Amino acid sequence: MQETLAHGQPAPKLTISDGGEPRLYVASQWRLMWWRFTKHRVAVVSLWIVALLYVVAAFVEFLAPYDPNTISAQHKLAPPQRIRFVDGAGAFSLQPFVYAYRRDRNPETLAWIYSEDRTKRAPIQFFVKGQPYRLWGLFESDRRLVGVTGEGATLFLLGADRLGRDVLSRIVYGARISMSIGLLGVFVSLVLGVFMGGLSGYFGGWTDLLIQRLIELLQSAPSIPLYMALAAAMPLEWEGPQVYFAMVTILSFIGWSGMARVVRGRFLSLREEAFVKAARLSGSGEMRIIFRHMAPSFYSHIIASITLAIPTMILSETALSFLGIGMRPPAVSWGVLLQEAQNIRTVAFSPWLLTPGIAVVVAVLAFNFLGDGLRDAADPYGQ
């Protein structure tokens with residue numbers, strides 16, 4: 001039966017359509033959040049960039065042209081090779097190619113000088129057979145996304161380092177450690193932050209006082225010296241995986257305090273709400289109320305805070321590795337790669353060694369823009 005208004009006129013019928021406003025009244029919180037997020041164009045582009053970075057981190061063995069630790073004594077500090085479609089004679093080719101290197105000695109400094117050997121072309125091929133590897137340590141293969149074939153042919157699109165290792169391959173491999181260490185570090189910080197902040201905001205009293213004093217103690221200490229002190233405590237005989245998980249632990253131990261402050265503020269505003277009192281009266285335990293009822297009510301804010309915290313983790317790992325107290329060779333991370341740029345003389349003559357810094361900047365900016373978009377989308381009814 002059609003409902004009528006007080007003055008006898010039929011009530012307007014609300015319909016859910018793709019283009020109308022009434023759909024807002026029946027949409028879930030996550031759908032509202034997604035609609036608002038898609039209006040933030042920069043954040044959407046950043047989401048694709050972040051997804052691409054994690055795809056690269058997942059398939060580094062297949063995407064990198066070479067093994068990151070393969071040394072070529074004939075190509076120490078070789079400059080980047082240019083991808084070409086037109087050769088020296090002006091002939092166009094649909095298949096891209098690079099010219100081989102030609103090495104000559106500088107008669108004054110005796111340093112090697114690299115130039116293009118226009119008589120030797122190396123066509124770039126896809127799914128080429130290259131150095132064998134084990135994808136994720138499980139699947140053996142020797143197919144790589146791009147590469148060149150032929151005796152002496154090389155594909156150093158971003159040049160080589162002082163040992164003749166391909167810089168592009170090392171940047172690709174470095175994405176796995178640098179991107180994953182930020183993700184894992186923030187995950188552990190999230191668990192600690194929600195737990196400690198939840199206890200602080202829910203119980204209050206001496207529990208809140210104790211946790212807040214601990215947070216203030218951590219936040220008052222200078223970050224870099226504190227990182228250095230914790231990193232210096234790692235035994236020198238530890239290998240890559242042990243150092244990796246130690247770095248995750250160190251970054252999480254320092255990073256949880258900010259998340260705890262955010263969670264505490266939300267819990268202080270929620271603990272007197274009706275749904276919390278109803279859960280308490282129904283016999284729910286304290287931990288169930290915190291994690292089952294209160295925390296899910298601001299998941300959107302937590303997600304935004306996580307996204308904004310990941311670049312801080314990435315920068316911290318990069319800084320520690322750059323200073324030589326984080327990840328250690330032969331492990332490959334962006335911070336380890338930037339150690340090559342510590343020598344100003346090397347950078348002056350080999351500026352391509354700074355390209356790992358570009359990867360760091362792109363990742364940090366993408367996460368920051370993504371976090372801004374998620375933070376705005378966390379309030380779907382905002383203007």
# chains A, B, ... in the order shown; residues from 1 in each chain; ligands from 1

call {"tool": "residues_around", "arguments": {"residues": "A:Pro96", "least_positions_apart": "4", "cutoff": "7 Å", "atoms": "only C-alpha atoms", "output": "VMD selection string"}}
result
chain A and resid 83 to 85 123 to 124

call {"tool": "write_last_selection", "arguments": {"atoms": "C-alpha atoms", "output": "PDB file, in the first residue's frame"}}
result
ATOM      1  CA  ILE A  83      67.112   2.272 -25.912  1.00  0.00           C
ATOM      2  CA  ARG A  84      66.993   3.060 -29.614  1.00  0.00           C
ATOM      3  CA  PHE A  85      64.642   2.518 -32.527  1.00  0.00           C
ATOM      4  CA  PRO A 123      68.129  -6.294 -29.898  1.00  0.00           C
ATOM      5  CA  ILE A 124      65.991  -6.177 -26.754  1.00  0.00           C
TER       6      ILE A 124
END

call {"tool": "residues_around", "arguments": {"residues": "A:Glu239", "least_positions_apart": "6", "cutoff": "10 Å", "atoms": "only C-alpha atoms", "output": "compact mmCIF listing (two decimals) with N, CA and C atoms, in the first residue's frame"}}
result
# COMPACT_ATOMS: atom_id res chain seq x y z
N MET A 327 70.14 -2.85 6.99
CA MET A 327 70.41 -4.01 6.16
C MET A 327 71.85 -3.97 5.67
N ARG A 328 72.46 -5.14 5.55
CA ARG A 328 73.87 -5.22 5.20
C ARG A 328 74.04 -6.02 3.92
N PRO A 329 75.02 -5.64 3.08
CA PRO A 329 75.32 -6.47 1.91
C PRO A 329 75.70 -7.88 2.37
N PRO A 330 75.33 -8.94 1.61
CA PRO A 330 74.81 -8.89 0.24
C PRO A 330 73.31 -8.67 0.12
N ALA A 331 72.60 -8.39 1.24
CA ALA A 331 71.19 -8.03 1.12
C ALA A 331 71.06 -6.76 0.29

call {"tool": "residues_around", "arguments": {"residues": "A:Ala58", "least_positions_apart": "3", "cutoff": "7 Å", "atoms": "only C-alpha atoms", "output": "number ranges by chain"}}
result
A: 54-55, 176

call {"tool": "closest_residue", "arguments": {"among": "A:Phe37, A:Phe253, A:Trp206, A:Phe245", "to": "A:Gly371", "atoms": "only C-alpha atoms"}}
result
A:Phe37

call {"tool": "select_by_dssp", "arguments": {"residues": "stretch 78-254 of chain A", "states": "strand (DSSP E or B)", "output": "MDAnalysis selection string"}}
result
chainID A and resid 84:86 92:105 112:123 125:135 139:147 160 166

call {"tool": "write_last_selection", "arguments": {"atoms": "N, CA and C atoms", "output": "short mmCIF file (atom, residue, chain, number, x, y, z; two decimals), in the first residue's frame"}}
result
data_model
loop_
_atom_site.label_atom_id
_atom_site.label_comp_id
_atom_site.auth_asym_id
_atom_site.auth_seq_id
_atom_site.Cartn_x
_atom_site.Cartn_y
_atom_site.Cartn_z
N ARG A 84 67.09 2.40 -28.31
CA ARG A 84 66.99 3.06 -29.61
C ARG A 84 66.05 2.29 -30.53
N PHE A 85 65.43 3.08 -31.43
CA PHE A 85 64.64 2.52 -32.53
C PHE A 85 65.22 2.90 -33.88
N VAL A 86 66.12 3.87 -33.89
CA VAL A 86 66.74 4.36 -35.13
C VAL A 86 68.25 4.21 -34.97
N PHE A 92 64.98 2.83 -39.36
CA PHE A 92 64.04 2.62 -38.25
C PHE A 92 63.81 1.12 -38.05
N SER A 93 63.71 0.72 -36.80
CA SER A 93 63.46 -0.67 -36.45
C SER A 93 62.33 -0.74 -35.42
N LEU A 94 61.36 -1.62 -35.65
CA LEU A 94 60.27 -1.80 -34.69
C LEU A 94 60.77 -2.45 -33.40
N GLN A 95 61.81 -3.22 -33.51
CA GLN A 95 62.36 -3.87 -32.32
C GLN A 95 63.40 -2.96 -31.67
N PRO A 96 63.21 -2.59 -30.42
CA PRO A 96 64.20 -1.72 -29.76
C PRO A 96 65.54 -2.45 -29.59
N PHE A 97 66.60 -1.66 -29.51
CA PHE A 97 67.93 -2.24 -29.37
C PHE A 97 68.82 -1.27 -28.62
N VAL A 98 69.96 -1.78 -28.18
CA VAL A 98 70.99 -0.96 -27.55
C VAL A 98 72.31 -1.26 -28.25
N TYR A 99 73.19 -0.29 -28.21
CA TYR A 99 74.54 -0.51 -28.73
C TYR A 99 75.43 -1.06 -27.63
N ALA A 100 76.38 -1.90 -28.02
CA ALA A 100 77.33 -2.45 -27.06
C ALA A 100 78.29 -1.37 -26.59
N TYR A 101 78.98 -1.64 -25.47
CA TYR A 101 79.96 -0.70 -24.94
C TYR A 101 81.30 -0.84 -25.69
N ARG A 102 82.02 0.28 -25.75
CA ARG A 102 83.40 0.27 -26.20
C ARG A 102 84.21 0.98 -25.11
N ARG A 103 85.28 0.31 -24.66
CA ARG A 103 86.08 0.85 -23.56
C ARG A 103 87.40 1.39 -24.08
N ASP A 104 87.75 2.57 -23.57
CA ASP A 104 89.04 3.18 -23.90
C ASP A 104 89.62 3.78 -22.62
N ARG A 105 90.93 3.85 -22.57
CA ARG A 105 91.61 4.45 -21.43
C ARG A 105 91.78 5.95 -21.63
N TRP A 112 88.73 4.28 -17.16
CA TRP A 112 88.03 3.73 -18.31
C TRP A 112 86.98 4.73 -18.81
N ILE A 113 86.89 4.87 -20.12
CA ILE A 113 85.89 5.72 -20.76
C ILE A 113 85.02 4.82 -21.62
N TYR A 114 83.70 4.89 -21.38
CA TYR A 114 82.76 4.05 -22.12
C TYR A 114 82.07 4.88 -23.20
N SER A 115 81.91 4.28 -24.35
CA SER A 115 81.18 4.91 -25.45
C SER A 115 80.42 3.82 -26.20
N GLU A 116 79.56 4.22 -27.12
CA GLU A 116 78.76 3.26 -27.88
C GLU A 116 79.57 2.70 -29.05
N ASP A 117 79.48 1.40 -29.21
CA ASP A 117 80.09 0.75 -30.36
C ASP A 117 79.00 0.58 -31.41
N ARG A 118 78.95 1.50 -32.38
CA ARG A 118 77.88 1.51 -33.36
C ARG A 118 77.90 0.30 -34.30
N THR A 119 78.93 -0.50 -34.22
CA THR A 119 79.00 -1.68 -35.09
C THR A 119 78.37 -2.92 -34.44
N LYS A 120 78.01 -2.82 -33.16
CA LYS A 120 77.43 -3.97 -32.46
C LYS A 120 76.09 -3.58 -31.86
N ARG A 121 75.04 -4.13 -32.43
CA ARG A 121 73.69 -3.89 -31.94
C ARG A 121 73.22 -5.10 -31.15
N ALA A 122 72.47 -4.85 -30.08
CA ALA A 122 71.90 -5.92 -29.26
C ALA A 122 70.39 -5.70 -29.17
N PRO A 123 69.59 -6.45 -29.96
CA PRO A 123 68.13 -6.29 -29.90
C PRO A 123 67.59 -6.69 -28.52
N GLN A 125 64.83 -8.23 -26.27
CA GLN A 125 63.83 -9.27 -26.44
C GLN A 125 63.04 -9.45 -25.15
N PHE A 126 61.82 -9.94 -25.31
CA PHE A 126 60.97 -10.21 -24.15
C PHE A 126 60.94 -11.71 -23.88
N PHE A 127 60.78 -12.04 -22.60
CA PHE A 127 60.75 -13.44 -22.16
C PHE A 127 61.98 -14.18 -22.67
N VAL A 128 63.12 -13.53 -22.50
CA VAL A 128 64.38 -14.08 -22.99
C VAL A 128 64.96 -15.03 -21.94
N LYS A 129 65.71 -15.99 -22.40
CA LYS A 129 66.37 -16.92 -21.50
C LYS A 129 67.61 -16.24 -20.93
N GLY A 130 67.69 -16.23 -19.60
CA GLY A 130 68.81 -15.56 -18.94
C GLY A 130 69.36 -16.40 -17.81
N GLN A 131 69.85 -15.72 -16.76
CA GLN A 131 70.41 -16.44 -15.63
C GLN A 131 69.31 -17.20 -14.89
N PRO A 132 69.55 -18.44 -14.49
CA PRO A 132 68.53 -19.21 -13.77
C PRO A 132 68.26 -18.62 -12.39
N TYR A 133 67.06 -18.81 -11.90
CA TYR A 133 66.67 -18.31 -10.58
C TYR A 133 65.56 -19.20 -10.03
N ARG A 134 65.22 -18.96 -8.78
CA ARG A 134 64.12 -19.67 -8.12
C ARG A 134 63.11 -18.62 -7.65
N LEU A 135 61.96 -18.58 -8.30
CA LEU A 135 60.91 -17.62 -7.94
C LEU A 135 60.36 -17.97 -6.57
N PHE A 139 60.10 -22.09 -7.36
CA PHE A 139 59.96 -22.49 -8.76
C PHE A 139 61.22 -22.11 -9.53
N GLU A 140 61.83 -23.08 -10.15
CA GLU A 140 63.03 -22.82 -10.94
C GLU A 140 62.65 -22.36 -12.34
N SER A 141 63.38 -21.37 -12.84
CA SER A 141 63.14 -20.85 -14.17
C SER A 141 64.37 -20.08 -14.63
N ASP A 142 64.44 -19.83 -15.93
CA ASP A 142 65.51 -18.99 -16.47
C ASP A 142 64.96 -17.94 -17.43
N ARG A 143 63.63 -17.76 -17.41
CA ARG A 143 63.00 -16.77 -18.27
C ARG A 143 62.88 -15.45 -17.54
N ARG A 144 63.31 -14.40 -18.20
CA ARG A 144 63.21 -13.05 -17.64
C ARG A 144 62.40 -12.17 -18.58
N LEU A 145 61.81 -11.11 -18.03
CA LEU A 145 60.89 -10.29 -18.81
C LEU A 145 61.59 -9.67 -20.00
N VAL A 146 62.73 -9.05 -19.79
CA VAL A 146 63.48 -8.43 -20.88
C VAL A 146 64.94 -8.83 -20.77
N GLY A 147 65.63 -8.75 -21.88
CA GLY A 147 67.05 -9.06 -21.88
C GLY A 147 67.60 -9.00 -23.29
N ALA A 160 75.83 0.70 -14.44
CA ALA A 160 76.39 -0.31 -13.53
C ALA A 160 77.09 0.39 -12.38
N ASP A 166 74.36 -4.57 -12.38
CA ASP A 166 73.31 -3.80 -13.02
C ASP A 166 72.50 -3.04 -11.97
#

call {"tool": "residues_around", "arguments": {"residues": "A:Phe322", "least_positions_apart": "5", "cutoff": "7 Å", "atoms": "only C-alpha atoms", "output": "compact mmCIF listing (two decimals) with N, CA and C atoms, in the first residue's frame"}}
result
# COMPACT_ATOMS: atom_id res chain seq x y z
N GLY A 335 68.18 1.46 0.67
CA GLY A 335 69.15 2.11 1.53
C GLY A 335 70.56 1.58 1.32
N VAL A 336 70.67 0.26 1.13
CA VAL A 336 71.99 -0.34 0.86
C VAL A 336 72.54 0.19 -0.45
N LEU A 338 71.97 3.06 -1.81
CA LEU A 338 72.37 4.46 -1.69
C LEU A 338 73.71 4.63 -0.97
N GLN A 339 74.20 3.56 -0.35
CA GLN A 339 75.54 3.64 0.22
C GLN A 339 76.59 3.93 -0.85

call {"tool": "decode", "arguments": {"residues": "stretch 348-377 of chain A", "atoms": "N, CA and C atoms", "output": "CSV table (one decimal), in the first residue's frame"}}
result
chain,number,residue,atom,x,y,z
A,348,ALA,N,79.7,12.4,-8.7
A,348,ALA,CA,80.0,13.4,-9.7
A,348,ALA,C,80.3,12.8,-11.0
A,349,PHE,N,80.9,11.7,-11.1
A,349,PHE,CA,81.2,11.0,-12.3
A,349,PHE,C,80.3,9.9,-12.7
A,350,SER,N,79.5,9.4,-11.7
A,350,SER,CA,78.5,8.4,-12.0
A,350,SER,C,77.2,8.7,-11.3
A,351,PRO,N,76.4,9.8,-11.8
A,351,PRO,CA,75.2,10.2,-11.2
A,351,PRO,C,74.1,9.2,-11.2
A,352,TRP,N,74.2,8.1,-12.1
A,352,TRP,CA,73.1,7.1,-12.1
A,352,TRP,C,73.1,6.3,-10.8
A,353,LEU,N,74.1,6.4,-10.0
A,353,LEU,CA,74.1,5.7,-8.7
A,353,LEU,C,73.1,6.3,-7.7
A,354,LEU,N,72.5,7.5,-8.1
A,354,LEU,CA,71.5,8.1,-7.2
A,354,LEU,C,70.1,7.6,-7.6
A,355,THR,N,69.9,6.8,-8.6
A,355,THR,CA,68.6,6.5,-9.0
A,355,THR,C,67.8,5.7,-8.0
A,356,PRO,N,68.5,4.9,-7.1
A,356,PRO,CA,67.6,4.3,-6.0
A,356,PRO,C,66.9,5.3,-5.2
A,357,GLY,N,67.5,6.5,-5.1
A,357,GLY,CA,66.8,7.6,-4.3
A,357,GLY,C,65.5,8.0,-5.0
A,358,ILE,N,65.5,7.9,-6.3
A,358,ILE,CA,64.2,8.2,-7.1
A,358,ILE,C,63.1,7.2,-6.7
A,359,ALA,N,63.5,6.0,-6.6
A,359,ALA,CA,62.6,4.9,-6.2
A,359,ALA,C,62.0,5.2,-4.8
A,360,VAL,N,62.8,5.6,-3.9
A,360,VAL,CA,62.4,6.0,-2.6
A,360,VAL,C,61.4,7.1,-2.6
A,361,VAL,N,61.7,8.2,-3.4
A,361,VAL,CA,60.8,9.4,-3.5
A,361,VAL,C,59.5,9.0,-4.1
A,362,VAL,N,59.5,8.2,-5.1
A,362,VAL,CA,58.2,7.8,-5.8
A,362,VAL,C,57.4,7.0,-4.8
A,363,ALA,N,58.0,6.0,-4.1
A,363,ALA,CA,57.2,5.2,-3.2
A,363,ALA,C,56.6,6.1,-2.0
A,364,VAL,N,57.5,7.0,-1.5
A,364,VAL,CA,57.0,7.8,-0.3
A,364,VAL,C,55.9,8.7,-0.8
A,365,LEU,N,56.0,9.4,-1.9
A,365,LEU,CA,55.0,10.3,-2.4
A,365,LEU,C,53.7,9.5,-2.7
A,366,ALA,N,53.8,8.3,-3.3
A,366,ALA,CA,52.6,7.6,-3.6
A,366,ALA,C,51.9,7.2,-2.4
A,367,PHE,N,52.6,6.7,-1.3
A,367,PHE,CA,51.9,6.4,-0.1
A,367,PHE,C,51.3,7.6,0.6
A,368,ASN,N,52.0,8.7,0.5
A,368,ASN,CA,51.5,10.0,1.2
A,368,ASN,C,50.2,10.4,0.5
A,369,PHE,N,50.2,10.4,-0.9
A,369,PHE,CA,49.0,10.8,-1.6
A,369,PHE,C,47.8,9.8,-1.4
A,370,LEU,N,48.2,8.6,-1.3
A,370,LEU,CA,47.2,7.5,-1.1
A,370,LEU,C,46.6,7.7,0.3
A,371,GLY,N,47.5,8.0,1.3
A,371,GLY,CA,47.0,8.2,2.7
A,371,GLY,C,46.1,9.4,2.8
A,372,ASP,N,46.4,10.5,2.0
A,372,ASP,CA,45.6,11.7,2.0
A,372,ASP,C,44.2,11.4,1.5
A,373,GLY,N,44.2,10.6,0.4
A,373,GLY,CA,42.9,10.2,-0.2
A,373,GLY,C,42.1,9.3,0.7
A,374,LEU,N,42.7,8.4,1.4
A,374,LEU,CA,42.0,7.5,2.3
A,374,LEU,C,41.5,8.3,3.6
A,375,ARG,N,42.3,9.3,4.0
A,375,ARG,CA,41.9,10.1,5.1
A,375,ARG,C,40.7,10.9,4.8
A,376,ASP,N,40.6,11.5,3.6
A,376,ASP,CA,39.5,12.2,3.2
A,376,ASP,C,38.3,11.3,3.0
A,377,ALA,N,38.5,10.1,2.5
A,377,ALA,CA,37.4,9.2,2.2
A,377,ALA,C,36.9,8.6,3.5
